[in-house]
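Reproduced below: run33.tsv, with TSV, C-alpha atoms.
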chain	number	residue	atom	x	y	z
A	1	MET	CA	100.67	124.19	94.98
A	2	SER	CA	103.43	126.70	94.53
A	3	ASP	CA	105.26	126.45	97.85
A	4	HIS	CA	107.43	123.67	96.48
A	5	ALA	CA	108.08	125.38	93.16
A	6	GLY	CA	111.70	125.07	92.17
A	7	ARG	CA	112.26	122.03	94.39
A	8	GLU	CA	112.54	119.04	92.16
A	9	VAL	CA	113.11	116.01	94.31
A	10	VAL	CA	110.95	114.51	97.04
A	11	VAL	CA	111.76	111.35	98.97
A	12	VAL	CA	108.80	109.00	99.48
A	13	ILE	CA	109.02	106.60	102.41
A	14	PRO	CA	106.30	103.97	102.91
A	15	ALA	CA	106.23	102.95	106.57
A	16	HIS	CA	104.28	100.36	108.51
A	17	ASP	CA	105.12	100.09	112.22
A	18	GLU	CA	108.62	101.47	111.78
A	19	ALA	CA	108.69	103.70	114.87
A	20	ALA	CA	112.15	102.38	115.80
A	21	THR	CA	113.83	103.83	112.73
A	22	VAL	CA	111.56	106.22	110.84
A	23	GLY	CA	112.58	109.33	112.79
A	24	ASP	CA	116.30	108.80	112.13
A	25	VAL	CA	115.72	108.00	108.47
A	26	VAL	CA	113.62	111.15	107.96
A	27	GLN	CA	116.21	113.22	109.78
A	28	ALA	CA	119.04	111.77	107.69
A	29	VAL	CA	117.25	112.53	104.42
A	30	ARG	CA	116.40	116.04	105.56
A	31	ASP	CA	120.04	116.57	106.50
A	32	HIS	CA	120.75	116.13	102.81
A	33	GLY	CA	118.36	118.99	102.09
A	34	MET	CA	115.48	117.04	100.61
A	35	PRO	CA	111.80	117.15	101.52
A	36	VAL	CA	110.38	113.86	102.78
A	37	VAL	CA	106.89	112.44	102.62
A	38	VAL	CA	106.23	109.45	104.85
A	39	VAL	CA	103.21	107.34	103.96
A	40	ASP	CA	102.09	105.85	107.26
A	41	ASP	CA	100.55	102.58	106.10
A	42	GLY	CA	98.06	101.98	108.87
A	43	SER	CA	100.69	101.76	111.60
A	44	THR	CA	99.63	100.80	115.09
A	45	ASP	CA	102.65	102.44	116.67
A	46	GLU	CA	103.97	106.00	116.70
A	47	THR	CA	105.39	105.91	113.18
A	48	GLY	CA	103.33	108.82	111.83
A	49	GLU	CA	103.87	110.99	114.88
A	50	LEU	CA	107.63	110.45	114.93
A	51	ALA	CA	107.94	111.11	111.20
A	52	LEU	CA	105.98	114.33	111.60
A	53	ARG	CA	108.20	115.41	114.49
A	54	ALA	CA	111.30	114.67	112.44
A	55	GLY	CA	110.05	117.11	109.83
A	56	ALA	CA	108.36	114.88	107.25
A	57	THR	CA	105.06	115.48	105.53
A	58	VAL	CA	102.90	112.56	106.67
A	59	LEU	CA	100.14	110.88	104.70
A	60	ARG	CA	98.16	108.62	107.01
A	61	LEU	CA	96.44	105.64	105.43
A	62	PRO	CA	93.65	104.66	107.84
A	63	ILE	CA	94.26	100.94	107.30
A	64	ASN	CA	97.24	98.85	106.25
A	65	LEU	CA	97.11	98.56	102.46
A	66	GLY	CA	100.59	97.27	101.68
A	67	VAL	CA	103.72	98.80	100.18
A	68	GLY	CA	102.31	99.18	96.66
A	69	ALA	CA	99.32	101.25	97.79
A	70	ALA	CA	101.44	103.31	100.17
A	71	LEU	CA	103.84	104.10	97.35
A	72	ARG	CA	101.08	105.07	94.97
A	73	CYS	CA	99.74	107.44	97.61
A	74	GLY	CA	103.20	108.99	97.90
A	75	PHE	CA	103.51	109.28	94.13
A	76	ARG	CA	100.07	110.88	93.95
A	77	TYR	CA	101.24	113.45	96.48
A	78	ALA	CA	104.46	114.08	94.54
A	79	ALA	CA	102.60	114.46	91.25
A	80	GLU	CA	99.91	116.71	92.73
A	81	ARG	CA	102.51	118.94	94.33
A	82	GLY	CA	104.38	119.30	91.09
A	83	TYR	CA	107.61	117.47	91.91
A	84	GLU	CA	109.70	116.30	89.01
A	85	ILE	CA	111.42	113.37	90.71
A	86	ALA	CA	110.32	111.05	93.49
A	87	VAL	CA	112.82	108.78	95.21
A	88	GLN	CA	111.37	105.83	97.09
A	89	CYS	CA	113.24	104.68	100.13
A	90	ASP	CA	112.62	102.19	102.96
A	91	ALA	CA	111.82	103.33	106.49
A	92	ASP	CA	113.92	100.63	108.16
A	93	GLY	CA	117.25	102.33	107.53
A	94	GLN	CA	118.39	99.88	104.85
A	95	HIS	CA	118.74	102.56	102.23
A	96	ASP	CA	121.49	105.07	102.74
A	97	PRO	CA	120.06	108.60	102.42
A	98	ALA	CA	123.44	109.70	101.06
A	99	SER	CA	122.78	107.50	98.03
A	100	VAL	CA	119.59	109.37	97.12
A	101	GLN	CA	121.66	111.99	95.35
A	102	ALA	CA	123.55	109.25	93.49
A	103	LEU	CA	120.24	107.91	92.17
A	104	VAL	CA	119.13	111.37	91.06
A	105	GLN	CA	122.49	112.02	89.46
A	106	ALA	CA	122.36	108.73	87.55
A	107	MET	CA	118.87	109.69	86.40
A	108	ARG	CA	120.10	112.97	84.98
A	109	ASP	CA	123.29	111.52	83.47
A	110	GLU	CA	121.47	108.69	81.73
A	111	HIS	CA	118.30	110.64	80.87
A	112	ALA	CA	116.40	107.87	82.62
A	113	HIS	CA	112.80	107.79	83.81
A	114	LEU	CA	113.34	105.06	86.36
A	115	VAL	CA	116.58	104.36	88.23
A	116	ILE	CA	116.96	101.20	90.28
A	117	GLY	CA	119.37	101.30	93.23
A	118	ASN	CA	121.31	98.07	92.85
A	119	ARG	CA	122.23	96.49	96.18
A	120	PHE	CA	124.62	94.02	94.57
A	121	GLY	CA	126.57	96.82	92.99
A	122	THR	CA	128.59	97.83	96.03
A	123	SER	CA	131.38	96.14	97.92
A	124	ASP	CA	129.35	96.26	101.10
A	125	SER	CA	128.29	92.68	101.63
A	126	PHE	CA	124.56	92.08	101.65
A	127	ASP	CA	123.59	88.57	102.58
A	128	ILE	CA	120.52	87.10	100.90
A	129	PRO	CA	119.60	83.45	101.52
A	130	GLY	CA	120.02	80.92	98.69
A	131	PRO	CA	116.51	80.33	97.27
A	132	ARG	CA	115.68	83.99	97.43
A	133	ARG	CA	118.82	84.88	95.57
A	134	PHE	CA	118.02	82.31	92.90
A	135	VAL	CA	114.58	83.85	92.27
A	136	MET	CA	116.08	87.31	92.23
A	137	ARG	CA	118.43	86.20	89.48
A	138	ILE	CA	115.53	84.99	87.36
A	139	LEU	CA	113.64	88.23	87.93
A	140	ALA	CA	116.78	90.21	87.12
A	141	ARG	CA	117.20	88.36	83.85
A	142	VAL	CA	113.60	89.00	82.78
A	143	ALA	CA	113.86	92.65	83.84
A	144	SER	CA	117.15	93.12	82.00
A	145	ARG	CA	115.68	91.75	78.80
A	146	SER	CA	112.70	94.13	79.04
A	147	ALA	CA	114.80	97.17	79.88
A	148	GLY	CA	117.44	96.43	77.27
A	149	THR	CA	120.11	97.09	79.87
A	150	ARG	CA	121.56	95.13	82.75
A	151	ILE	CA	119.38	95.19	85.88
A	152	ASP	CA	120.96	93.15	88.66
A	153	ASP	CA	118.43	93.86	91.34
A	154	ALA	CA	114.90	93.88	89.97
A	155	THR	CA	113.25	93.78	93.40
A	156	SER	CA	115.13	96.67	94.94
A	157	GLY	CA	112.85	99.09	96.75
A	158	PHE	CA	115.37	101.91	96.40
A	159	ARG	CA	114.56	103.70	93.19
A	160	ALA	CA	113.94	107.08	91.63
A	161	VAL	CA	111.20	107.96	89.15
A	162	ARG	CA	110.69	111.12	87.16
A	163	THR	CA	107.84	112.69	85.24
A	164	PRO	CA	106.00	111.71	83.09
A	165	LEU	CA	106.45	108.19	84.45
A	166	LEU	CA	105.85	109.60	87.94
A	167	GLN	CA	102.38	110.66	86.83
A	168	GLU	CA	101.76	107.13	85.49
A	169	PHE	CA	102.78	105.73	88.87
A	170	ALA	CA	100.44	108.16	90.61
A	171	ASP	CA	97.56	106.98	88.44
A	172	ARG	CA	98.03	103.24	88.47
A	173	TYR	CA	100.74	101.77	90.59
A	174	PRO	CA	100.19	98.03	91.05
A	175	ALA	CA	99.52	96.97	94.64
A	176	GLN	CA	99.76	93.22	94.27
A	177	TYR	CA	102.71	91.06	95.22
A	178	LEU	CA	105.98	92.06	93.52
A	179	GLY	CA	103.92	94.51	91.46
A	180	ASP	CA	105.49	97.44	93.24
A	181	THR	CA	109.03	96.34	92.38
A	182	PHE	CA	109.46	93.85	89.58
A	183	GLU	CA	106.30	94.22	87.54
A	184	VAL	CA	106.36	97.99	87.46
A	185	LEU	CA	109.92	97.91	86.20
A	186	VAL	CA	109.07	95.57	83.33
A	187	ALA	CA	105.87	97.47	82.47
A	188	SER	CA	107.69	100.81	82.41
A	189	ALA	CA	110.43	99.48	80.17
A	190	ARG	CA	107.92	97.89	77.80
A	191	ALA	CA	105.94	101.12	77.57
A	192	GLY	CA	109.07	102.81	76.22
A	193	TYR	CA	110.43	104.49	79.34
A	194	ARG	CA	114.14	104.41	79.95
A	195	VAL	CA	115.05	102.23	82.94
A	196	VAL	CA	118.61	102.03	84.28
A	197	SER	CA	120.36	100.54	87.26
A	198	THR	CA	122.98	102.18	89.46
A	199	PRO	CA	124.96	100.86	92.44
A	200	ALA	CA	123.58	101.93	95.81
A	201	LEU	CA	124.71	101.27	99.33
A	202	ILE	CA	122.18	99.11	101.12
A	203	ARG	CA	122.71	98.10	104.72
A	204	GLU	CA	121.22	95.51	106.99
A	205	ARG	CA	117.94	96.81	108.36
A	206	GLN	CA	118.32	98.74	111.60
A	207	GLY	CA	114.97	97.81	113.04
A	208	GLY	CA	111.80	95.84	112.37
A	209	VAL	CA	111.54	92.20	111.40
A	210	ARG	CA	113.13	90.74	108.32
A	211	SER	CA	110.88	88.32	106.48
A	212	ALA	CA	113.52	85.92	105.21
A	213	GLY	CA	113.22	82.64	107.10
A	214	THR	CA	113.28	79.39	105.14
A	215	ALA	CA	109.50	79.28	104.85
A	216	ALA	CA	109.36	82.94	103.83
A	217	SER	CA	112.04	82.33	101.21
A	218	LEU	CA	110.13	79.38	99.82
A	219	ALA	CA	106.91	81.39	99.68
A	220	PHE	CA	108.81	84.14	97.91
A	221	LEU	CA	110.10	81.63	95.38
A	222	VAL	CA	106.68	80.20	94.56
A	223	ARG	CA	104.95	83.56	94.37
A	224	ALA	CA	107.70	85.18	92.34
A	225	LEU	CA	107.72	82.39	89.78
A	226	LEU	CA	103.94	82.69	89.58
A	227	VAL	CA	104.26	86.41	88.88
A	228	VAL	CA	106.84	85.73	86.16
A	229	VAL	CA	104.58	83.15	84.50
A	230	LEU	CA	101.35	85.14	84.86
A	231	ARG	CA	102.49	88.61	83.99
A	232	ILE	CA	105.34	88.42	81.59
A	233	GLY	CA	103.32	87.55	78.54
A	234	THR	CA	100.76	90.25	79.22
A	235	ARG	CA	100.97	93.88	78.27
A	236	TYR	CA	99.68	96.61	80.48
A	237	ARG	CA	95.98	97.13	79.90
A	238	PRO	CA	95.92	100.94	79.95
A	239	ALA	CA	98.46	101.70	77.27
A	240	PRO	CA	98.39	105.42	76.53
A	241	ILE	CA	101.86	105.64	78.10
A	242	ALA	CA	103.56	104.96	74.79
A	243	ASP	CA	102.47	108.37	73.51
A	244	LYS	CA	103.96	110.19	76.44
A	245	ARG	CA	107.40	108.61	76.34
A	246	LEU	CA	110.67	110.46	76.57
A	247	GLY	CA	110.59	113.45	74.28
A	248	VAL	CA	114.37	113.88	74.09
B	249	MET	CA	61.98	60.93	97.60
B	250	SER	CA	64.80	62.98	96.08
B	251	GLU	CA	62.17	65.33	94.56
B	252	VAL	CA	60.85	66.16	98.03
B	253	LEU	CA	64.38	66.55	99.41
B	254	LEU	CA	65.39	68.97	96.66
B	255	GLY	CA	62.16	70.90	97.13
B	256	ILE	CA	62.79	71.29	100.86
B	257	LEU	CA	66.41	72.22	100.26
B	258	GLY	CA	65.42	74.97	97.82
B	259	LEU	CA	62.79	76.25	100.18
B	260	LEU	CA	65.24	76.39	103.10
B	261	LEU	CA	67.74	78.33	101.00
B	262	ALA	CA	65.02	80.76	99.88
B	263	LEU	CA	63.99	81.31	103.51
B	264	LEU	CA	67.58	81.95	104.53
B	265	ILE	CA	68.01	84.47	101.73
B	266	ILE	CA	64.79	86.27	102.64
B	267	PHE	CA	65.87	86.34	106.29
B	268	LEU	CA	69.27	87.84	105.35
B	269	ALA	CA	67.63	90.36	103.04
B	270	ARG	CA	65.20	91.47	105.77
B	271	TYR	CA	68.13	92.28	108.04
B	272	GLN	CA	69.83	94.05	105.13
B	273	LEU	CA	72.79	91.69	105.13
B	274	LEU	CA	72.37	91.09	101.40
B	275	THR	CA	71.85	93.67	98.70
B	276	LEU	CA	69.00	93.24	96.23
B	277	ARG	CA	71.41	92.26	93.49
B	278	TYR	CA	72.55	89.18	95.37
B	279	VAL	CA	69.09	88.44	96.76
B	280	LEU	CA	67.71	88.04	93.24
B	281	GLY	CA	70.59	85.77	92.21
B	282	TRP	CA	70.24	83.50	95.21
B	283	ILE	CA	66.45	83.35	95.01
B	284	PHE	CA	66.93	82.17	91.45
B	285	VAL	CA	69.34	79.48	92.66
B	286	ALA	CA	66.87	78.39	95.37
B	287	ALA	CA	64.03	78.22	92.88
B	288	SER	CA	66.19	76.18	90.51
B	289	ILE	CA	67.00	73.68	93.26
B	290	SER	CA	63.32	73.28	94.14
B	291	ALA	CA	62.26	72.98	90.52
B	292	SER	CA	65.04	70.53	89.67
B	293	GLY	CA	63.17	67.92	91.71
B	294	ALA	CA	60.48	67.93	89.05
B	295	PHE	CA	63.00	67.29	86.30
B	296	THR	CA	64.63	64.14	87.60
B	297	GLY	CA	62.83	62.31	84.81
B	298	ILE	CA	64.64	64.34	82.18
B	299	ALA	CA	67.94	64.11	84.00
B	300	GLU	CA	67.78	60.33	84.37
B	301	PRO	CA	68.83	59.37	80.81
B	302	ILE	CA	71.66	61.97	80.82
B	303	ALA	CA	72.89	60.78	84.19
B	304	GLU	CA	72.73	57.18	83.07
B	305	GLU	CA	74.74	58.06	79.97
B	306	ILE	CA	77.65	59.33	82.08
B	307	GLY	CA	77.27	56.62	84.69
B	308	LEU	CA	75.78	58.71	87.52
B	309	ARG	CA	72.59	58.72	89.53
B	310	PRO	CA	70.31	61.74	88.82
B	311	GLU	CA	70.94	63.10	92.33
B	312	GLU	CA	74.68	62.93	91.76
B	313	LEU	CA	74.29	64.79	88.48
B	314	PHE	CA	72.30	67.52	90.23
B	315	LEU	CA	74.88	67.81	92.98
B	316	GLY	CA	77.64	68.04	90.38
B	317	VAL	CA	75.87	70.81	88.50
B	318	ALA	CA	75.08	72.61	91.76
B	319	PHE	CA	78.71	72.35	92.82
B	320	PHE	CA	79.83	73.86	89.53
B	321	LEU	CA	77.33	76.72	89.85
B	322	LEU	CA	78.58	77.42	93.36
B	323	LEU	CA	82.14	77.54	92.04
B	324	LEU	CA	81.04	80.11	89.47
B	325	ILE	CA	79.44	82.19	92.22
B	326	ALA	CA	82.65	81.95	94.26
B	327	VAL	CA	84.69	83.19	91.31
B	328	GLN	CA	82.24	86.03	90.76
B	329	LEU	CA	82.54	86.98	94.44
B	330	SER	CA	86.34	86.90	94.18
B	331	ILE	CA	86.15	89.34	91.28
B	332	THR	CA	83.84	91.58	93.30
B	333	ALA	CA	86.16	91.40	96.32
B	334	SER	CA	89.18	92.31	94.17
B	335	GLY	CA	87.33	95.31	92.78
B	336	LEU	CA	86.27	96.40	96.26
B	337	THR	CA	89.85	96.12	97.49
B	338	GLU	CA	90.96	98.40	94.69
B	339	MET	CA	88.19	100.88	95.51
B	340	LEU	CA	89.06	100.78	99.19
B	341	ARG	CA	92.68	101.48	98.36
B	342	ASP	CA	91.70	104.44	96.22
B	343	VAL	CA	89.45	105.89	98.92
B	344	CYS	CA	92.12	105.46	101.62
B	345	GLU	CA	94.72	107.21	99.50
B	346	SER	CA	92.38	110.10	98.78
B	347	TYR	CA	91.57	110.32	102.47
B	348	ALA	CA	95.27	110.46	103.41
B	349	LEU	CA	95.98	113.15	100.81
B	350	ALA	CA	92.96	115.19	101.89
B	351	GLU	CA	93.87	114.91	105.56
B	352	GLU	CA	97.40	116.14	104.87
B	353	ARG	CA	95.97	119.03	102.88
B	354	ILE	CA	93.63	120.02	105.71
B	355	ARG	CA	96.48	119.88	108.22
B	356	ARG	CA	98.60	122.09	105.98
B	357	LEU	CA	95.79	124.60	105.44
B	358	GLU	CA	95.05	124.73	109.17
B	359	GLU	CA	98.70	125.40	109.90
B	360	ALA	CA	98.79	128.13	107.27
B	361	ALA	CA	95.61	129.67	108.71
B	362	SER	CA	96.92	129.67	112.27
B	363	ASP	CA	100.24	131.13	111.06
B	364	ALA	CA	98.38	133.94	109.30
B	365	THR	CA	96.40	134.88	112.41
B	366	PRO	CA	98.66	134.02	115.35
B	367	ASP	CA	96.49	135.81	117.94
B	368	ALA	CA	93.26	134.10	117.00
B	369	PRO	CA	92.36	130.94	118.91
B	370	PRO	CA	92.62	127.71	116.92
B	371	PRO	CA	89.36	126.86	115.15
B	372	SER	CA	88.77	123.86	117.40
B	373	ALA	CA	88.87	125.87	120.65
B	374	GLY	CA	85.44	126.27	122.24
B	375	VAL	CA	84.11	129.83	122.36
B	376	GLU	CA	82.49	129.45	125.75
B	377	GLU	CA	85.52	127.75	127.22
B	378	GLU	CA	86.84	130.97	128.69
B	379	ASP	CA	85.66	134.55	128.87
B	380	GLY	CA	88.93	136.05	127.66
B	381	PRO	CA	91.64	137.68	129.77
B	382	ALA	CA	90.21	138.93	133.00

Using the file provided, produce a representation of the structure as structure tokens.
Amino acid sequence: MSDHAGREVVVVIPAHDEAATVGDVVQAVRDHGMPVVVVDDGSTDETGELALRAGATVLRLPINLGVGAALRCGFRYAAERGYEIAVQCDADGQHDPASVQALVQAMRDEHAHLVIGNRFGTSDSFDIPGPRRFVMRILARVASRSAGTRIDDATSGFRAVRTPLLQEFADRYPAQYLGDTFEVLVASARAGYRVVSTPALIRERQGGVRSAGTAASLAFLVRALLVVVLRIGTRYRPAPIADKRLGV
Amino acid sequence: MSEVLLGILGLLLALLIIFLARYQLLTLRYVLGWIFVAASISASGAFTGIAEPIAEEIGLRPEELFLGVAFFLLLLIAVQLSITASGLTEMLRDVCESYALAEERIRRLEEAASDATPDAPPPSAGVEEEDGPA
């Protein structure tokens, strides 16, 4: 328990069949002096092995459970090991490890519990197809209203979370579609946690397959709208979070 | 005629359920539920007389009414199974996460143990594998 005492930040990387990039990503994060935990989400390739060799702590899920479950596993690890802040980051090289510090800094400056790395906030062009962008705007609007601050990129997977919200994530992080990005943001904000957005450099993925064909975009649209309709009216069932909100 | 048909149908379903239960493909909880369904189908044949006026009222034949009710019951069972499946998925997720965390912990403890006693063979090495330095 105590070997990480004094180290506050851990980077959590969920990875499913990302052998092409995971080693470099782990190395890049470690070059910035931060410990990395890779959650190998039932990969069939060498992802876990390569991450381990690159110096990451590896949590191996025996079967593929999806990003939400992989993240919760990472958050459980972070909470159990006593970390104060966990930064989630993709294994495909889209998220610039240099920006991790920017997220943490924004968290400290704004006294935030959850910081969303905003991929539209930088000059670096990031092309997202039409329908997908449209849905993202709707999600961003709903998220902004909940958070009481402007959130441009509600589905960004580049974010930092700090205790006590980190402990909440470790206990009950939603695994269903968009739950791990959009829903968790709205639920956190509604429970009284401070959610902010900060610009982050996000690049085109360096490996793996991007799921953004026309059909995939259309599926995203339908499912996202369904999530908005189904979840927005509802409050989170386990609601003791309100008591543990920011004590500043 | 329809009474006999329904009776046979119920009996066939009951036999199937008993067969599945004997090979432990169904737990007792589901066996009881399905046996009840099978018995209801068989017994419903005897109640066509009662069903007739109701069916007539809504413009259906008694058999059609039975099929409609049966269809609705099956839908309910399907919903119940979906709920069960969702719960199982959540449990599976929880177990897998705990497994991953425990495995990492074991790996870390093993590394710490082998670091503490660098001369000792790793715990997995067979004792009779070699007789030591000759």

Go ahead and find all residues with at least one atom no further than 9 Å from (64.1, 67.8, 90.7) in the file's coordinates, using all atoms listed in the file; report them as a ChimeraX atom specification. /B:250-255,288-297,299,310-311,314

What gap, in Å, lies between CA of Leu322 (chain B) and CA of Val285 (chain B)? 9.5 Å

Please check the contacts: residues of chain B at most 7 Å away from chain A, using only C-alpha atoms, listed as a short mmCIF file (atom, residue, chain, number, x, y, z; two decimals) with C-alpha atoms, in the coordinates of the input.
data_model
loop_
_atom_site.label_atom_id
_atom_site.label_comp_id
_atom_site.auth_asym_id
_atom_site.auth_seq_id
_atom_site.Cartn_x
_atom_site.Cartn_y
_atom_site.Cartn_z
CA ARG B 341 92.68 101.48 98.36
CA CYS B 344 92.12 105.46 101.62
CA GLU B 345 94.72 107.21 99.50
CA ALA B 348 95.27 110.46 103.41
CA LEU B 349 95.98 113.15 100.81
CA GLU B 352 97.40 116.14 104.87
#

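We find CA of Thr21 (chain A) and CA of Arg203 (chain A) to be spaced 13.3 Å apart.
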
For region 266-281 of chain B, find every residue with an atom within 12 Å (counting all atoms listed in the file), except residues of its own chain fewer than 6 positions away, and show them as number ranges by chain. B: 259-260, 287-288, 321-322, 325, 328-329, 332

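Considering all atoms listed in the file, the residue among B:Glu338, B:Leu313, B:Ile256, B:Phe319 positioned nearest to Arg172 (chain A) is B:Glu338.
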
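Distances here use all atoms listed in the file; by that measure, the residue among A:Ile13, A:Ala106, A:Val195, A:Leu221 closest to Ile151 (chain A) is A:Val195.
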
One decimal, in Å: what's the spacing between CA of Val9 (chain A) and CA of Gly55 (chain A)? 15.9 Å

Spatial neighbours of region 109-121 of chain A, max dist 7 Å, only C-alpha atoms, sep filter under 6 positions, as number ranges by chain: A: 103, 152-153, 156, 158-162, 165, 193-202
